[in-house]
Amino acid sequence: MKPAGAVLLQLGVHGSFDLRRLKLAEFRSAHLEIGLQVLQPAGLHELAEGKVDLLIARGLGHHPGHRCDRLNEGSGLGDWLIAPEGSADCPEIVSFREWLRVVQAESPLANHRPRLVG
């Protein structure tokens with residue numbers, strides 16, 4: 001479902017990621033020129049095969065040939081926005097990366113998962 005005259009951006013997301021954190025409806029409303037599709041679950045193989053344009057993956061964030069931007073603060077494992085170096089600076093990917101930074105800044109508590117006690 002690509003809007004007329006829009007660029008299609010295909011986002012892959014790991015299976016345990018809470019999509020509500022991304023506020024995708026608001027992104028789509030603010031960026032009518034970008035048609036956004038989400039594939040979940042998705043991993044590095046979907047990115048390597050070209051099934052998705054960028055990926056939110058959980059891990060250490062180092063993948064040769066890819067730009068990796070951490071979505072949450074801290075060290076060790078985390079969620080990363082991963083895009084091939086050749087397309088990481090395309091306008092639609094830059095727009096989505098900036099959107100994620102704004103969303104993370106507005107709701108820093110959304111980055112913390114509740115801990116189970118007992």
# chains A, B, ... in the order shown; residues from 1 in each chain; ligands from 1
>>> residues_around(residues="A:Val13", least_positions_apart="6", cutoff="9 Å", atoms="only C-alpha atoms", output="NGL selection string")
:A and (19 or 38-43 or 54-57)
>>> write_last_selection(atoms="C-alpha atoms", output="CSV table (one decimal), in the first residue's frame")
chain,number,residue,atom,x,y,z
A,19,LEU,CA,6.0,-1.6,18.0
A,38,VAL,CA,6.8,-3.3,8.8
A,39,LEU,CA,7.9,-6.9,8.8
A,40,GLN,CA,8.0,-8.6,12.2
A,41,PRO,CA,9.8,-10.8,13.1
A,42,ALA,CA,12.8,-10.0,10.9
A,43,GLY,CA,16.5,-10.4,11.3
A,54,LEU,CA,16.4,-1.2,7.5
A,55,LEU,CA,16.2,-3.3,10.6
A,56,ILE,CA,15.6,-2.9,14.3
A,57,ALA,CA,17.6,-5.7,15.9
>>> residues_around(residues="A:Ile82", least_positions_apart="5", cutoff="12 Å", atoms="only C-alpha atoms", output="ChimeraX atom specification")
/A:11-14,42-44,46-48,52-71,87-89,93-94,96-97
>>> atom_distance(atom1="atom CA of A:Ser29", atom2="atom CA of A:Ala83")
22.9 Å
>>> residues_around(residues="A:Gln37", least_positions_apart="5", cutoff="8 Å", atoms="only C-alpha atoms", output="list in words")
Leu8, Leu9, Gln10 and Leu11 of chain A
>>> atom_distance(atom1="atom CA of A:Ser107", atom2="atom CA of A:Arg21")
8.7 Å
>>> closest_residue(among="A:Gln104, A:Gly50, A:Asp79, A:Gly35", to="A:Phe17", atoms="only C-alpha atoms")
A:Asp79
>>> select_by_dssp(residues="stretch 7-93 of chain A", states="strand (DSSP E or B)", output="MDAnalysis selection string")
chainID A and resid 7:13 34:39 54:59 66:70 78:84
>>> write_last_selection(atoms="N, CA and C atoms", output="PDB file, in the first residue's frame")
ATOM      1  N   VAL A   7       7.819   7.215  -1.464  1.00  0.00           N
ATOM      2  CA  VAL A   7       8.902   6.248  -1.413  1.00  0.00           C
ATOM      3  C   VAL A   7       8.490   5.181  -0.409  1.00  0.00           C
ATOM      4  N   LEU A   8       8.693   3.935  -0.754  1.00  0.00           N
ATOM      5  CA  LEU A   8       8.341   2.845   0.154  1.00  0.00           C
ATOM      6  C   LEU A   8       9.545   2.491   1.004  1.00  0.00           C
ATOM      7  N   LEU A   9       9.366   2.486   2.308  1.00  0.00           N
ATOM      8  CA  LEU A   9      10.397   2.115   3.266  1.00  0.00           C
ATOM      9  C   LEU A   9       9.920   0.862   3.980  1.00  0.00           C
ATOM     10  N   GLN A  10      10.729  -0.189   3.906  1.00  0.00           N
ATOM     11  CA  GLN A  10      10.369  -1.450   4.540  1.00  0.00           C
ATOM     12  C   GLN A  10      11.259  -1.647   5.761  1.00  0.00           C
ATOM     13  N   LEU A  11      10.612  -1.704   6.919  1.00  0.00           N
ATOM     14  CA  LEU A  11      11.298  -1.820   8.198  1.00  0.00           C
ATOM     15  C   LEU A  11      11.126  -3.231   8.742  1.00  0.00           C
ATOM     16  N   GLY A  12      12.225  -3.863   9.078  1.00  0.00           N
ATOM     17  CA  GLY A  12      12.190  -5.150   9.760  1.00  0.00           C
ATOM     18  C   GLY A  12      12.416  -4.933  11.246  1.00  0.00           C
ATOM     19  N   VAL A  13      11.734  -5.713  12.072  1.00  0.00           N
ATOM     20  CA  VAL A  13      11.817  -5.545  13.524  1.00  0.00           C
ATOM     21  C   VAL A  13      11.924  -6.923  14.168  1.00  0.00           C
ATOM     22  N   ILE A  34       6.354   9.119   2.658  1.00  0.00           N
ATOM     23  CA  ILE A  34       7.020   7.841   2.914  1.00  0.00           C
ATOM     24  C   ILE A  34       5.969   6.786   3.214  1.00  0.00           C
ATOM     25  N   GLY A  35       5.903   5.781   2.372  1.00  0.00           N
ATOM     26  CA  GLY A  35       5.056   4.631   2.651  1.00  0.00           C
ATOM     27  C   GLY A  35       5.854   3.666   3.513  1.00  0.00           C
ATOM     28  N   LEU A  36       5.364   3.332   4.689  1.00  0.00           N
ATOM     29  CA  LEU A  36       6.106   2.489   5.631  1.00  0.00           C
ATOM     30  C   LEU A  36       5.412   1.150   5.801  1.00  0.00           C
ATOM     31  N   GLN A  37       6.177   0.082   5.561  1.00  0.00           N
ATOM     32  CA  GLN A  37       5.701  -1.273   5.823  1.00  0.00           C
ATOM     33  C   GLN A  37       6.597  -1.880   6.888  1.00  0.00           C
ATOM     34  N   VAL A  38       6.010  -2.698   7.765  1.00  0.00           N
ATOM     35  CA  VAL A  38       6.766  -3.320   8.840  1.00  0.00           C
ATOM     36  C   VAL A  38       6.670  -4.831   8.708  1.00  0.00           C
ATOM     37  N   LEU A  39       7.824  -5.481   8.799  1.00  0.00           N
ATOM     38  CA  LEU A  39       7.904  -6.940   8.791  1.00  0.00           C
ATOM     39  C   LEU A  39       8.415  -7.373  10.161  1.00  0.00           C
ATOM     40  N   LEU A  54      15.713  -1.375   6.256  1.00  0.00           N
ATOM     41  CA  LEU A  54      16.404  -1.162   7.511  1.00  0.00           C
ATOM     42  C   LEU A  54      15.798  -2.075   8.552  1.00  0.00           C
ATOM     43  N   LEU A  55      16.518  -2.232   9.661  1.00  0.00           N
ATOM     44  CA  LEU A  55      16.169  -3.257  10.628  1.00  0.00           C
ATOM     45  C   LEU A  55      16.362  -2.729  12.038  1.00  0.00           C
ATOM     46  N   ILE A  56      15.432  -3.073  12.914  1.00  0.00           N
ATOM     47  CA  ILE A  56      15.649  -2.871  14.345  1.00  0.00           C
ATOM     48  C   ILE A  56      15.941  -4.255  14.897  1.00  0.00           C
ATOM     49  N   ALA A  57      17.191  -4.417  15.380  1.00  0.00           N
ATOM     50  CA  ALA A  57      17.637  -5.715  15.874  1.00  0.00           C
ATOM     51  C   ALA A  57      18.190  -5.562  17.279  1.00  0.00           C
ATOM     52  N   ARG A  58      18.153  -6.659  18.024  1.00  0.00           N
ATOM     53  CA  ARG A  58      18.699  -6.678  19.383  1.00  0.00           C
ATOM     54  C   ARG A  58      20.067  -7.327  19.300  1.00  0.00           C
ATOM     55  N   GLY A  59      21.027  -6.679  19.918  1.00  0.00           N
ATOM     56  CA  GLY A  59      22.378  -7.237  19.927  1.00  0.00           C
ATOM     57  C   GLY A  59      23.386  -6.190  20.337  1.00  0.00           C
ATOM     58  N   HIS A  66      27.379  -1.958   7.545  1.00  0.00           N
ATOM     59  CA  HIS A  66      26.103  -1.391   7.960  1.00  0.00           C
ATOM     60  C   HIS A  66      26.313  -0.251   8.951  1.00  0.00           C
ATOM     61  N   ARG A  67      25.420   0.720   8.905  1.00  0.00           N
ATOM     62  CA  ARG A  67      25.396   1.767   9.918  1.00  0.00           C
ATOM     63  C   ARG A  67      24.471   1.296  11.027  1.00  0.00           C
ATOM     64  N   CYS A  68      24.948   1.350  12.261  1.00  0.00           N
ATOM     65  CA  CYS A  68      24.182   0.880  13.416  1.00  0.00           C
ATOM     66  C   CYS A  68      24.017   2.032  14.401  1.00  0.00           C
ATOM     67  N   ASP A  69      22.767   2.428  14.661  1.00  0.00           N
ATOM     68  CA  ASP A  69      22.454   3.495  15.608  1.00  0.00           C
ATOM     69  C   ASP A  69      21.679   2.903  16.766  1.00  0.00           C
ATOM     70  N   ARG A  70      22.218   3.072  17.966  1.00  0.00           N
ATOM     71  CA  ARG A  70      21.559   2.521  19.161  1.00  0.00           C
ATOM     72  C   ARG A  70      20.271   3.286  19.457  1.00  0.00           C
ATOM     73  N   GLY A  78      21.403  -4.212  23.231  1.00  0.00           N
ATOM     74  CA  GLY A  78      20.416  -3.152  23.096  1.00  0.00           C
ATOM     75  C   GLY A  78      19.719  -3.269  21.765  1.00  0.00           C
ATOM     76  N   ASP A  79      18.778  -2.381  21.497  1.00  0.00           N
ATOM     77  CA  ASP A  79      18.081  -2.329  20.218  1.00  0.00           C
ATOM     78  C   ASP A  79      18.800  -1.336  19.322  1.00  0.00           C
ATOM     79  N   TRP A  80      19.030  -1.737  18.075  1.00  0.00           N
ATOM     80  CA  TRP A  80      19.799  -0.950  17.122  1.00  0.00           C
ATOM     81  C   TRP A  80      19.024  -0.779  15.831  1.00  0.00           C
ATOM     82  N   LEU A  81      19.089   0.410  15.245  1.00  0.00           N
ATOM     83  CA  LEU A  81      18.568   0.648  13.908  1.00  0.00           C
ATOM     84  C   LEU A  81      19.729   0.389  12.958  1.00  0.00           C
ATOM     85  N   ILE A  82      19.575  -0.571  12.076  1.00  0.00           N
ATOM     86  CA  ILE A  82      20.657  -1.018  11.202  1.00  0.00           C
ATOM     87  C   ILE A  82      20.239  -0.804   9.751  1.00  0.00           C
ATOM     88  N   ALA A  83      21.118  -0.144   8.987  1.00  0.00           N
ATOM     89  CA  ALA A  83      20.872   0.096   7.571  1.00  0.00           C
ATOM     90  C   ALA A  83      22.177  -0.128   6.816  1.00  0.00           C
ATOM     91  N   PRO A  84      22.098  -0.626   5.588  1.00  0.00           N
ATOM     92  CA  PRO A  84      23.318  -0.760   4.793  1.00  0.00           C
ATOM     93  C   PRO A  84      23.981   0.606   4.622  1.00  0.00           C
TER      94      PRO A  84
END
>>> decode(residues="stretch 20-89 of chain A", atoms="C-alpha atoms", output="PDB file, in the first residue's frame")
ATOM      1  CA  ARG A  20       3.990   0.821  20.132  1.00  0.00           C
ATOM      2  CA  ARG A  21       7.306   2.427  21.081  1.00  0.00           C
ATOM      3  CA  LEU A  22       7.739   3.624  17.486  1.00  0.00           C
ATOM      4  CA  LYS A  23       4.448   5.558  17.219  1.00  0.00           C
ATOM      5  CA  LEU A  24       4.143   4.434  13.605  1.00  0.00           C
ATOM      6  CA  ALA A  25       0.731   6.008  12.977  1.00  0.00           C
ATOM      7  CA  GLU A  26       2.147   9.386  13.957  1.00  0.00           C
ATOM      8  CA  PHE A  27       5.193   8.821  11.728  1.00  0.00           C
ATOM      9  CA  ARG A  28       2.966   7.975   8.774  1.00  0.00           C
ATOM     10  CA  SER A  29       0.829  11.096   9.385  1.00  0.00           C
ATOM     11  CA  ALA A  30       3.884  13.336   9.649  1.00  0.00           C
ATOM     12  CA  HIS A  31       5.633  11.826   6.606  1.00  0.00           C
ATOM     13  CA  LEU A  32       2.986  11.326   3.938  1.00  0.00           C
ATOM     14  CA  GLU A  33       5.708  11.051   1.294  1.00  0.00           C
ATOM     15  CA  ILE A  34       7.020   7.841   2.914  1.00  0.00           C
ATOM     16  CA  GLY A  35       5.056   4.631   2.651  1.00  0.00           C
ATOM     17  CA  LEU A  36       6.106   2.489   5.631  1.00  0.00           C
ATOM     18  CA  GLN A  37       5.701  -1.273   5.823  1.00  0.00           C
ATOM     19  CA  VAL A  38       6.766  -3.320   8.840  1.00  0.00           C
ATOM     20  CA  LEU A  39       7.904  -6.940   8.791  1.00  0.00           C
ATOM     21  CA  GLN A  40       7.986  -8.625  12.202  1.00  0.00           C
ATOM     22  CA  PRO A  41       9.785 -10.815  13.079  1.00  0.00           C
ATOM     23  CA  ALA A  42      12.782 -10.001  10.913  1.00  0.00           C
ATOM     24  CA  GLY A  43      16.519 -10.368  11.288  1.00  0.00           C
ATOM     25  CA  LEU A  44      19.785  -9.668   9.549  1.00  0.00           C
ATOM     26  CA  HIS A  45      19.087 -12.237   6.846  1.00  0.00           C
ATOM     27  CA  GLU A  46      16.033 -10.227   5.669  1.00  0.00           C
ATOM     28  CA  LEU A  47      18.225  -7.119   5.518  1.00  0.00           C
ATOM     29  CA  ALA A  48      20.984  -8.987   3.652  1.00  0.00           C
ATOM     30  CA  GLU A  49      18.467 -10.455   1.180  1.00  0.00           C
ATOM     31  CA  GLY A  50      16.920  -7.031   0.500  1.00  0.00           C
ATOM     32  CA  LYS A  51      13.533  -7.954   1.949  1.00  0.00           C
ATOM     33  CA  VAL A  52      13.743  -4.907   4.266  1.00  0.00           C
ATOM     34  CA  ASP A  53      15.498  -1.552   3.869  1.00  0.00           C
ATOM     35  CA  LEU A  54      16.404  -1.162   7.511  1.00  0.00           C
ATOM     36  CA  LEU A  55      16.169  -3.257  10.628  1.00  0.00           C
ATOM     37  CA  ILE A  56      15.649  -2.871  14.345  1.00  0.00           C
ATOM     38  CA  ALA A  57      17.637  -5.715  15.874  1.00  0.00           C
ATOM     39  CA  ARG A  58      18.699  -6.678  19.383  1.00  0.00           C
ATOM     40  CA  GLY A  59      22.378  -7.237  19.927  1.00  0.00           C
ATOM     41  CA  LEU A  60      25.700  -5.467  20.200  1.00  0.00           C
ATOM     42  CA  GLY A  61      25.264  -3.294  17.107  1.00  0.00           C
ATOM     43  CA  HIS A  62      28.380  -4.069  15.091  1.00  0.00           C
ATOM     44  CA  HIS A  63      27.763  -5.353  11.586  1.00  0.00           C
ATOM     45  CA  PRO A  64      30.412  -4.677   8.924  1.00  0.00           C
ATOM     46  CA  GLY A  65      29.010  -2.767   5.954  1.00  0.00           C
ATOM     47  CA  HIS A  66      26.103  -1.391   7.960  1.00  0.00           C
ATOM     48  CA  ARG A  67      25.396   1.767   9.918  1.00  0.00           C
ATOM     49  CA  CYS A  68      24.182   0.880  13.416  1.00  0.00           C
ATOM     50  CA  ASP A  69      22.454   3.495  15.608  1.00  0.00           C
ATOM     51  CA  ARG A  70      21.559   2.521  19.161  1.00  0.00           C
ATOM     52  CA  LEU A  71      17.921   3.178  20.092  1.00  0.00           C
ATOM     53  CA  ASN A  72      18.387   3.026  23.846  1.00  0.00           C
ATOM     54  CA  GLU A  73      21.116   4.124  26.208  1.00  0.00           C
ATOM     55  CA  GLY A  74      23.472   1.853  28.071  1.00  0.00           C
ATOM     56  CA  SER A  75      26.117  -0.695  27.297  1.00  0.00           C
ATOM     57  CA  GLY A  76      25.901  -4.313  26.242  1.00  0.00           C
ATOM     58  CA  LEU A  77      22.902  -5.678  24.408  1.00  0.00           C
ATOM     59  CA  GLY A  78      20.416  -3.152  23.096  1.00  0.00           C
ATOM     60  CA  ASP A  79      18.081  -2.329  20.218  1.00  0.00           C
ATOM     61  CA  TRP A  80      19.799  -0.950  17.122  1.00  0.00           C
ATOM     62  CA  LEU A  81      18.568   0.648  13.908  1.00  0.00           C
ATOM     63  CA  ILE A  82      20.657  -1.018  11.202  1.00  0.00           C
ATOM     64  CA  ALA A  83      20.872   0.096   7.571  1.00  0.00           C
ATOM     65  CA  PRO A  84      23.318  -0.760   4.793  1.00  0.00           C
ATOM     66  CA  GLU A  85      26.031   1.910   4.570  1.00  0.00           C
ATOM     67  CA  GLY A  86      25.095   2.574   0.947  1.00  0.00           C
ATOM     68  CA  SER A  87      21.526   3.585   1.792  1.00  0.00           C
ATOM     69  CA  ALA A  88      21.872   4.810   5.406  1.00  0.00           C
ATOM     70  CA  ASP A  89      21.818   8.444   4.269  1.00  0.00           C
TER      71      ASP A  89
END
